[in-house]
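Have a look at the structure below, then the notes.
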Amino acid sequence: MSNQTLEQKPKSEVFLIIKNTLILFAITAIAGLLLSIVNSMTADAIAAQKIIQRDNALNAVLPDASFEEIKIEKAEEYQRIQGIYQAKDSAGNLAGYAFMLTNKGYGGTITLAAGISAGGVISGMDIITHSETPGLGANADTDKFKEKLKGKQAETLTVVKGNNDGQNVDALSGATITSAAVTDAVNEAIAYYNNQLKGGK
Amino acid sequence: MSILKDRAKAGLIDDNPTFVQVLGMCPTLAVTSSVINGIGMGLSTTVVLLGSNVVISLLRKIIPAKVRIPAFIVVIATFVTILDLLLQGFIPSLYDSLGLFIPLIVVNCIVLGRAEAFASKNGVLASALDGIFMGLGFTMALTILGMIREILGAGQIFGITILPEAIYQPITIFLLAPGAFMALGAMLAVYNYMKIRKVNLAKQGKEVAGE
């Protein structure tokens with residue numbers, strides 16, 4: 001009798017481990033199956049939404065244009081540029097270029113869009129995602145700050161406190177790092193525009 | 001009916017996830033810089049709580065005790081991911097404002113806490129009600145906290161300025177992490193004060209009745 005239980009005990013423990021593993025495996029497998037179904041159901045809709053979002057962002061910095069992505073030349077020199085879009089107006093003339101940019105801010109990565117019109121003027125800047133401090137750096141995502149960049153010539157911009165004349169950009173109070181991060185990203189777009197795009201290259 | 005009343009009282013007051021259980025502090029402190037964020041986080045957590053409580057209650061006799069934690073986590077993470085994908089694909093306007101918080105729900109210990117403490121031991125109906133009311137209790141706490149922080153920190157409510165800068169200089173710290181701790185601490189103090197006062201009043205009432 002005692003021999004039997006001694007033999008049985010390790011057997012049942014092994015059996016339990018296998019049973020537990022199989023149940024957990026089954027739960028995980030069902031979860032994975034469900035996720036793949038939902039993923040395939042939503043993949044198209046999500047992709048469509050991303051394009052709408054992108055076009056909205058590009059239109060915010062370069063209004064009334066249609067966009068076509070172009071290749072980034074010398075991409076290794078322009079690490080902050082994620083994408084460049086050639087903009088055409090309704091008559092098919094070149095309206096300018098829109099840039100998708102990223103840079104490291106104070107609280108994490110900032111994604112932004114900037115537009116340069118065919119006349120070499122900054123047509124707009126828009127913050128797409130950021131995790132800056134609310135009340136300080138997050139103010140970069142307000143019209144008040146965006147207006148500071150708009151209309152500047154496409155030449156290197158400098159962040160200055162309390163002065164927004166010429167190529168100076170007035171820093172947000174209490175958020176110099178955020179202001180500099182945004183301006184540096186826009187500067188890279190300007191540099192790319194001047195070196196690669198200007199003059200119909 | 002009594003289950004409904006019982007769960008409502010537990011979730012909203014007696015066992016409130018924020019005031020009493022003090023669970024889920026990461027999303028509570030992180031997202032309540034405005035009222036709308038608090039409501040959004042609270043309601044999306046409620047949806048996940050409801051779903052995970054129902055599924056875990058249904059599976060409670062199948063899931064072995066030894067592997068219950070990984071099983072619960074898989075169920076919760078699946079719900080969160082499904083919610084994330086559906087919102088992203090079909091309700092983009094809501095996703096724009098909530099997208100940031102949805103992955104945070106996985107690490108919200110309220111969801112795992114209710115799975116472990118309630119859904120794994122109770123029937124489906126009771127667990128569903130528990131999920132709804134714990135979620136609403138959480139939403140309520142986050143809304144109040146968001147309201148306090150938005151008014152003090154920005155002079156606004158729901159993004160509408162109610163205290164113009166001319167008469168009220170916003171205290172920016174209430175929008176930052178330290179302000180979240182201060183506001184939460186003050187809320188917990190008020191909650192406990194009210195609770196203790198109620199108990200004392202009940203005691204006094206008994207003494208009077210005893211005489």
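Residues in the structure tokens are numbered from 1 in each chain, the chains being A, B, ... in the order shown, and ligands are numbered from 1 in the order shown.
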Only residues of chain B matter here; which ones have an atom within 10 Å of chain A, counting only C-alpha atoms? Give them as a ChimeraX atom specification.
/B:33-34,59,62-68,70-72,74-79,81-83,85-92,100,153-154,170-177
Run DSSP on the backbone of this structure and report the residues of range 51-112 of chain A it assigns to alpha helix (DSSP H), as a list in words.
Ile51, Ile52, Gln53, Arg54, Asp55, Asn56, Ala57, Leu58, Asn59, Ala60 and Val61 of chain A
Keeping only N, CA and C atoms, write the selected residues to a file as a PDB file, in the first residue's frame.
ATOM      1  N   ILE A  51      -3.059  57.145 -42.862  1.00  0.00           N
ATOM      2  CA  ILE A  51      -2.868  58.019 -44.025  1.00  0.00           C
ATOM      3  C   ILE A  51      -3.679  59.300 -43.859  1.00  0.00           C
ATOM      4  N   ILE A  52      -4.920  59.165 -43.355  1.00  0.00           N
ATOM      5  CA  ILE A  52      -5.749  60.362 -43.130  1.00  0.00           C
ATOM      6  C   ILE A  52      -5.052  61.278 -42.128  1.00  0.00           C
ATOM      7  N   GLN A  53      -4.543  60.658 -41.070  1.00  0.00           N
ATOM      8  CA  GLN A  53      -3.844  61.437 -40.043  1.00  0.00           C
ATOM      9  C   GLN A  53      -2.643  62.163 -40.625  1.00  0.00           C
ATOM     10  N   ARG A  54      -1.878  61.440 -41.448  1.00  0.00           N
ATOM     11  CA  ARG A  54      -0.682  62.015 -42.049  1.00  0.00           C
ATOM     12  C   ARG A  54      -1.046  63.189 -42.952  1.00  0.00           C
ATOM     13  N   ASP A  55      -2.087  62.994 -43.787  1.00  0.00           N
ATOM     14  CA  ASP A  55      -2.489  64.074 -44.688  1.00  0.00           C
ATOM     15  C   ASP A  55      -3.000  65.279 -43.915  1.00  0.00           C
ATOM     16  N   ASN A  56      -3.728  65.012 -42.814  1.00  0.00           N
ATOM     17  CA  ASN A  56      -4.193  66.122 -41.985  1.00  0.00           C
ATOM     18  C   ASN A  56      -3.014  66.900 -41.434  1.00  0.00           C
ATOM     19  N   ALA A  57      -2.001  66.139 -40.961  1.00  0.00           N
ATOM     20  CA  ALA A  57      -0.829  66.793 -40.379  1.00  0.00           C
ATOM     21  C   ALA A  57      -0.096  67.603 -41.437  1.00  0.00           C
ATOM     22  N   LEU A  58       0.043  67.041 -42.647  1.00  0.00           N
ATOM     23  CA  LEU A  58       0.760  67.749 -43.704  1.00  0.00           C
ATOM     24  C   LEU A  58      -0.021  68.968 -44.166  1.00  0.00           C
ATOM     25  N   ASN A  59      -1.356  68.836 -44.232  1.00  0.00           N
ATOM     26  CA  ASN A  59      -2.173  69.974 -44.652  1.00  0.00           C
ATOM     27  C   ASN A  59      -2.136  71.106 -43.636  1.00  0.00           C
ATOM     28  N   ALA A  60      -1.901  70.752 -42.379  1.00  0.00           N
ATOM     29  CA  ALA A  60      -1.834  71.787 -41.350  1.00  0.00           C
ATOM     30  C   ALA A  60      -0.612  72.664 -41.538  1.00  0.00           C
ATOM     31  N   VAL A  61       0.464  72.116 -42.120  1.00  0.00           N
ATOM     32  CA  VAL A  61       1.676  72.921 -42.285  1.00  0.00           C
ATOM     33  C   VAL A  61       1.800  73.485 -43.699  1.00  0.00           C
TER      34      VAL A  61
END
Nearest to Leu197 in chain A: which of A:Ala140, A:Ile110, A:Ile72, A:Ile18 is it, counting only C-alpha atoms?
A:Ile72
Write out as a ChimeraX atom specification which residues come within 10 Å of Ser179 in chain A when counting only C-alpha atoms, dropping same-chain ones fewer than 2 positions away.
/A:105-106,137,139-140,145,159-160,169-177,181-184
Selected residues written out with all heavy atoms, as a compact mmCIF listing (two decimals), in the first residue's frame:
# COMPACT_ATOMS: atom_id res chain seq x y z
N GLY A 105 12.93 65.59 -27.13
CA GLY A 105 12.56 66.74 -26.33
C GLY A 105 12.97 66.56 -24.89
O GLY A 105 13.88 65.80 -24.59
N TYR A 106 12.24 67.21 -24.00
CA TYR A 106 12.56 67.11 -22.58
C TYR A 106 11.99 65.82 -22.00
O TYR A 106 12.63 65.17 -21.19
CB TYR A 106 11.98 68.33 -21.85
CG TYR A 106 12.31 68.36 -20.39
CD1 TYR A 106 13.57 68.73 -19.95
CD2 TYR A 106 11.34 68.04 -19.42
CE1 TYR A 106 13.88 68.76 -18.61
CE2 TYR A 106 11.64 68.08 -18.08
CZ TYR A 106 12.91 68.44 -17.67
OH TYR A 106 13.21 68.47 -16.35
N GLY A 137 6.49 72.64 -21.45
CA GLY A 137 6.89 72.23 -22.79
C GLY A 137 5.71 71.90 -23.69
O GLY A 137 5.78 72.08 -24.91
N ASN A 139 3.24 73.47 -24.15
CA ASN A 139 2.75 74.68 -24.81
C ASN A 139 3.31 74.82 -26.23
O ASN A 139 2.83 75.67 -26.99
CB ASN A 139 3.11 75.92 -23.99
CG ASN A 139 2.27 76.03 -22.75
OD1 ASN A 139 1.23 75.38 -22.65
ND2 ASN A 139 2.72 76.82 -21.79
N ALA A 140 4.32 74.02 -26.59
CA ALA A 140 4.82 74.04 -27.96
C ALA A 140 3.72 73.62 -28.92
O ALA A 140 3.75 73.95 -30.11
CB ALA A 140 6.02 73.11 -28.10
N PHE A 145 2.74 79.29 -30.07
CA PHE A 145 4.13 78.95 -30.39
C PHE A 145 4.29 78.65 -31.87
O PHE A 145 5.27 79.06 -32.49
CB PHE A 145 4.60 77.76 -29.55
CG PHE A 145 6.06 77.43 -29.77
CD1 PHE A 145 7.05 78.27 -29.29
CD2 PHE A 145 6.44 76.29 -30.48
CE1 PHE A 145 8.39 77.99 -29.50
CE2 PHE A 145 7.78 76.01 -30.69
CZ PHE A 145 8.76 76.86 -30.20
N VAL A 159 17.18 79.93 -31.32
CA VAL A 159 16.27 80.10 -30.19
C VAL A 159 16.81 81.18 -29.27
O VAL A 159 17.95 81.11 -28.83
CB VAL A 159 16.11 78.77 -29.42
CG1 VAL A 159 15.20 78.96 -28.21
CG2 VAL A 159 15.56 77.70 -30.33
N VAL A 160 16.01 82.19 -29.02
CA VAL A 160 16.41 83.31 -28.17
C VAL A 160 15.28 83.56 -27.18
O VAL A 160 14.11 83.34 -27.51
CB VAL A 160 16.65 84.59 -29.01
CG1 VAL A 160 17.11 85.73 -28.14
CG2 VAL A 160 17.64 84.33 -30.13
N VAL A 169 13.81 82.73 -32.76
CA VAL A 169 12.57 82.12 -32.31
C VAL A 169 12.50 82.34 -30.81
O VAL A 169 13.42 81.95 -30.07
CB VAL A 169 12.54 80.61 -32.64
CG1 VAL A 169 11.29 79.97 -32.04
CG2 VAL A 169 12.57 80.39 -34.14
N ASP A 170 11.43 82.97 -30.35
CA ASP A 170 11.25 83.25 -28.93
C ASP A 170 10.98 81.94 -28.19
O ASP A 170 10.00 81.25 -28.48
CB ASP A 170 10.09 84.24 -28.77
CG ASP A 170 9.88 84.65 -27.32
OD1 ASP A 170 10.78 84.38 -26.51
OD2 ASP A 170 8.82 85.25 -27.03
N ALA A 171 11.85 81.60 -27.23
CA ALA A 171 11.68 80.34 -26.50
C ALA A 171 10.44 80.41 -25.61
O ALA A 171 10.07 81.47 -25.12
CB ALA A 171 12.91 80.06 -25.65
N LEU A 172 9.80 79.25 -25.41
CA LEU A 172 8.68 79.16 -24.47
C LEU A 172 9.24 79.35 -23.07
O LEU A 172 10.29 78.80 -22.74
CB LEU A 172 8.06 77.76 -24.56
CG LEU A 172 7.24 77.44 -25.79
CD1 LEU A 172 7.10 75.94 -25.91
CD2 LEU A 172 5.88 78.08 -25.69
N SER A 173 8.53 80.10 -22.23
CA SER A 173 9.07 80.32 -20.89
C SER A 173 9.05 79.00 -20.10
O SER A 173 8.05 78.29 -20.10
CB SER A 173 8.29 81.40 -20.16
OG SER A 173 6.96 81.00 -20.01
N GLY A 174 10.18 78.68 -19.49
CA GLY A 174 10.31 77.45 -18.70
C GLY A 174 10.46 76.21 -19.55
O GLY A 174 10.38 75.10 -19.03
N ALA A 175 10.64 76.36 -20.85
CA ALA A 175 10.73 75.17 -21.70
C ALA A 175 11.73 75.41 -22.84
O ALA A 175 11.42 75.24 -24.02
CB ALA A 175 9.36 74.81 -22.26
N THR A 176 12.94 75.83 -22.45
CA THR A 176 13.96 76.10 -23.46
C THR A 176 14.35 74.83 -24.22
O THR A 176 14.57 74.88 -25.43
CB THR A 176 15.21 76.70 -22.78
OG1 THR A 176 14.77 77.66 -21.83
CG2 THR A 176 16.12 77.35 -23.78
N ILE A 177 14.41 73.70 -23.50
CA ILE A 177 14.83 72.45 -24.16
C ILE A 177 13.82 72.06 -25.24
O ILE A 177 14.18 71.70 -26.35
CB ILE A 177 15.00 71.32 -23.11
CG1 ILE A 177 16.16 71.67 -22.17
CG2 ILE A 177 15.25 69.97 -23.80
CD1 ILE A 177 16.35 70.68 -21.04
N ALA A 181 14.45 71.84 -29.19
CA ALA A 181 14.26 70.57 -29.88
C ALA A 181 13.41 70.78 -31.13
O ALA A 181 13.74 70.27 -32.21
CB ALA A 181 13.60 69.56 -28.95
N VAL A 182 12.34 71.54 -30.99
CA VAL A 182 11.46 71.80 -32.13
C VAL A 182 12.22 72.59 -33.19
O VAL A 182 12.21 72.25 -34.38
CB VAL A 182 10.18 72.55 -31.67
CG1 VAL A 182 9.38 73.02 -32.86
CG2 VAL A 182 9.35 71.65 -30.77
N THR A 183 12.90 73.66 -32.75
CA THR A 183 13.60 74.52 -33.70
C THR A 183 14.73 73.76 -34.41
O THR A 183 14.91 73.92 -35.63
CB THR A 183 14.15 75.75 -32.96
OG1 THR A 183 13.09 76.31 -32.19
CG2 THR A 183 14.66 76.79 -33.93
N ASP A 184 15.47 72.93 -33.67
CA ASP A 184 16.54 72.14 -34.30
C ASP A 184 16.00 71.23 -35.39
O ASP A 184 16.61 71.07 -36.45
CB ASP A 184 17.27 71.29 -33.25
CG ASP A 184 18.20 72.14 -32.39
OD1 ASP A 184 18.40 73.31 -32.74
OD2 ASP A 184 18.70 71.63 -31.38
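Picture a line from CA of Ile144 in chain B to CA of Gly51 in chain B; it runs 25.0 Å.
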Find the distance between CA of Tyr191 in chain B and CA of Phe138 in chain B and write it in Å to one decimal.
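Between CA of Tyr191 in chain B and CA of Phe138 in chain B the gap works out to 14.1 Å.
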What gap, in Å, lies between CA of Met194 in chain B and CA of Ala180 in chain B?
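Here the two named atoms are 21.2 Å from each other.
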Pick out the residues sitting within 7 Å of Lys88 in chain A, and hand them over as number ranges by chain; count only C-alpha atoms, and ignore anything fewer than 3 positions along from it in its own chain.
A: 65-67, 92-95
Export, as a CSV table (one decimal), in the first residue's frame, the selected residues with N, CA and C atoms.
chain,number,residue,atom,x,y,z
A,65,ALA,N,-3.0,71.5,-50.5
A,65,ALA,CA,-2.0,70.8,-51.4
A,65,ALA,C,-2.3,69.3,-51.4
A,66,SER,N,-1.8,68.6,-52.4
A,66,SER,CA,-1.8,67.2,-52.3
A,66,SER,C,-0.3,66.7,-52.3
A,67,PHE,N,-0.1,65.6,-51.6
A,67,PHE,CA,1.2,65.2,-51.3
A,67,PHE,C,1.7,63.9,-51.9
A,92,GLY,N,-1.5,71.8,-60.2
A,92,GLY,CA,-0.4,70.9,-60.5
A,92,GLY,C,1.0,71.5,-60.4
A,93,ASN,N,1.0,72.8,-59.9
A,93,ASN,CA,2.3,73.5,-59.7
A,93,ASN,C,2.9,73.1,-58.4
A,94,LEU,N,4.2,73.2,-58.3
A,94,LEU,CA,4.9,72.9,-57.0
A,94,LEU,C,4.5,73.9,-56.0
A,95,ALA,N,4.0,73.4,-54.8
A,95,ALA,CA,3.5,74.4,-53.8
A,95,ALA,C,4.6,74.4,-52.7
Shortest interatomic distance to Ser2 in chain B - which of B:Leu43, B:Leu125, B:Ala117, B:Val22, counting only C-alpha atoms
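Of B:Leu43, B:Leu125, B:Ala117, B:Val22, the one nearest Ser2 in chain B, counting only C-alpha atoms, is B:Leu125.
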With a distance cut-off of 9 Å and only C-alpha atoms, select the neighbouring residues of Val80 in chain B, excluding the residue or stretch itself and same-chain residues fewer than 4 positions from it, and output the selection as a list in words.
Thr45, Val48, Val75, Ile76, Asp84, Leu85, Ile102, Pro103, Ile105 and Val106 of chain B
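Nearest residue to Phe118 in chain B, choosing from B:Thr143, B:Gln169, B:Ser93, B:Ser57 and counting only C-alpha atoms: B:Ser57.
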I'd like to know which of A:Lys161, A:Lys71, A:Arg80, A:Lys146 is closest to Thr102 in chain A, using only C-alpha atoms.
A:Arg80
Selected residue, from A:Glu76, A:Glu132, A:Glu68, A:Asp126, that lies nearest to Lys150 in chain A when counting only C-alpha atoms
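Result for the nearest residue to Lys150 in chain A: A:Asp126.
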Give me the residues near range 19-21 of chain B as a PyMOL selection string, where near means some atom within 12 Å (using only C-alpha atoms) and where sequence neighbours in that chain fewer than 6 positions away do not count.
chain B and resi 10-13+28+109-110+113-114+117+134+137-142+144-145+184-195
Limited to N, CA and C atoms, could you put the picked residues into a file as a short mmCIF file (atom, residue, chain, number, x, y, z; two decimals), in the first residue's frame?
data_model
loop_
_atom_site.label_atom_id
_atom_site.label_comp_id
_atom_site.auth_asym_id
_atom_site.auth_seq_id
_atom_site.Cartn_x
_atom_site.Cartn_y
_atom_site.Cartn_z
N ALA B 10 -19.83 48.71 -2.76
CA ALA B 10 -18.41 48.32 -2.60
C ALA B 10 -17.54 49.11 -3.58
N GLY B 11 -17.95 49.12 -4.85
CA GLY B 11 -17.11 49.76 -5.87
C GLY B 11 -16.99 51.26 -5.70
N LEU B 12 -18.12 51.90 -5.39
CA LEU B 12 -18.11 53.36 -5.35
C LEU B 12 -17.60 53.90 -4.02
N ILE B 13 -17.93 53.23 -2.91
CA ILE B 13 -17.59 53.81 -1.61
C ILE B 13 -16.73 52.88 -0.75
N THR B 28 -3.49 56.64 -12.17
CA THR B 28 -4.19 57.68 -11.40
C THR B 28 -3.37 58.96 -11.37
N CYS B 109 -3.09 47.60 -11.67
CA CYS B 109 -3.29 46.44 -10.79
C CYS B 109 -4.74 46.30 -10.35
N ILE B 110 -5.60 47.31 -10.60
CA ILE B 110 -7.01 47.13 -10.24
C ILE B 110 -7.58 45.94 -11.00
N GLY B 113 -6.20 42.85 -9.68
CA GLY B 113 -6.68 42.75 -8.30
C GLY B 113 -8.11 42.24 -8.23
N ARG B 114 -8.98 42.74 -9.11
CA ARG B 114 -10.37 42.28 -9.10
C ARG B 114 -10.47 40.85 -9.62
N ALA B 117 -9.20 38.82 -6.55
CA ALA B 117 -9.97 38.91 -5.31
C ALA B 117 -11.45 38.61 -5.52
N MET B 134 -16.51 48.75 -9.86
CA MET B 134 -15.12 49.09 -9.52
C MET B 134 -14.59 50.09 -10.55
N GLY B 137 -16.14 53.44 -9.84
CA GLY B 137 -15.51 54.02 -8.65
C GLY B 137 -14.17 54.64 -9.00
N PHE B 138 -13.43 53.93 -9.85
CA PHE B 138 -12.13 54.42 -10.32
C PHE B 138 -12.33 55.69 -11.16
N THR B 139 -13.33 55.64 -12.07
CA THR B 139 -13.62 56.80 -12.91
C THR B 139 -13.97 58.01 -12.06
N MET B 140 -14.80 57.78 -11.04
CA MET B 140 -15.21 58.87 -10.17
C MET B 140 -13.99 59.52 -9.50
N ALA B 141 -13.12 58.68 -8.95
CA ALA B 141 -11.94 59.20 -8.26
C ALA B 141 -11.05 59.98 -9.23
N LEU B 142 -10.86 59.43 -10.44
CA LEU B 142 -10.00 60.10 -11.42
C LEU B 142 -10.60 61.42 -11.89
N ILE B 144 -12.64 63.42 -10.14
CA ILE B 144 -12.49 64.43 -9.08
C ILE B 144 -11.05 64.93 -9.04
N LEU B 145 -10.11 63.98 -9.10
CA LEU B 145 -8.69 64.36 -9.05
C LEU B 145 -8.33 65.25 -10.24
N LEU B 184 -3.93 64.03 -4.50
CA LEU B 184 -4.41 62.70 -4.09
C LEU B 184 -4.37 62.57 -2.57
N GLY B 185 -3.28 63.05 -1.96
CA GLY B 185 -3.16 62.99 -0.50
C GLY B 185 -4.29 63.73 0.17
N ALA B 186 -4.60 64.92 -0.33
CA ALA B 186 -5.68 65.72 0.25
C ALA B 186 -7.01 65.00 0.10
N MET B 187 -7.22 64.36 -1.09
CA MET B 187 -8.47 63.64 -1.31
C MET B 187 -8.62 62.46 -0.35
N LEU B 188 -7.52 61.72 -0.15
CA LEU B 188 -7.58 60.57 0.76
C LEU B 188 -7.88 61.05 2.17
N ALA B 189 -7.29 62.19 2.57
CA ALA B 189 -7.54 62.74 3.91
C ALA B 189 -9.01 63.07 4.08
N VAL B 190 -9.59 63.75 3.07
CA VAL B 190 -11.01 64.12 3.16
C VAL B 190 -11.88 62.87 3.24
N TYR B 191 -11.56 61.87 2.38
CA TYR B 191 -12.35 60.63 2.38
C TYR B 191 -12.32 59.98 3.75
N ASN B 192 -11.12 59.87 4.33
CA ASN B 192 -10.99 59.19 5.63
C ASN B 192 -11.66 59.99 6.74
N TYR B 193 -11.57 61.32 6.64
CA TYR B 193 -12.21 62.16 7.65
C TYR B 193 -13.71 61.90 7.65
N MET B 194 -14.28 61.88 6.43
CA MET B 194 -15.72 61.67 6.32
C MET B 194 -16.13 60.30 6.83
N LYS B 195 -15.27 59.31 6.55
CA LYS B 195 -15.57 57.94 6.96
C LYS B 195 -15.55 57.83 8.49
#
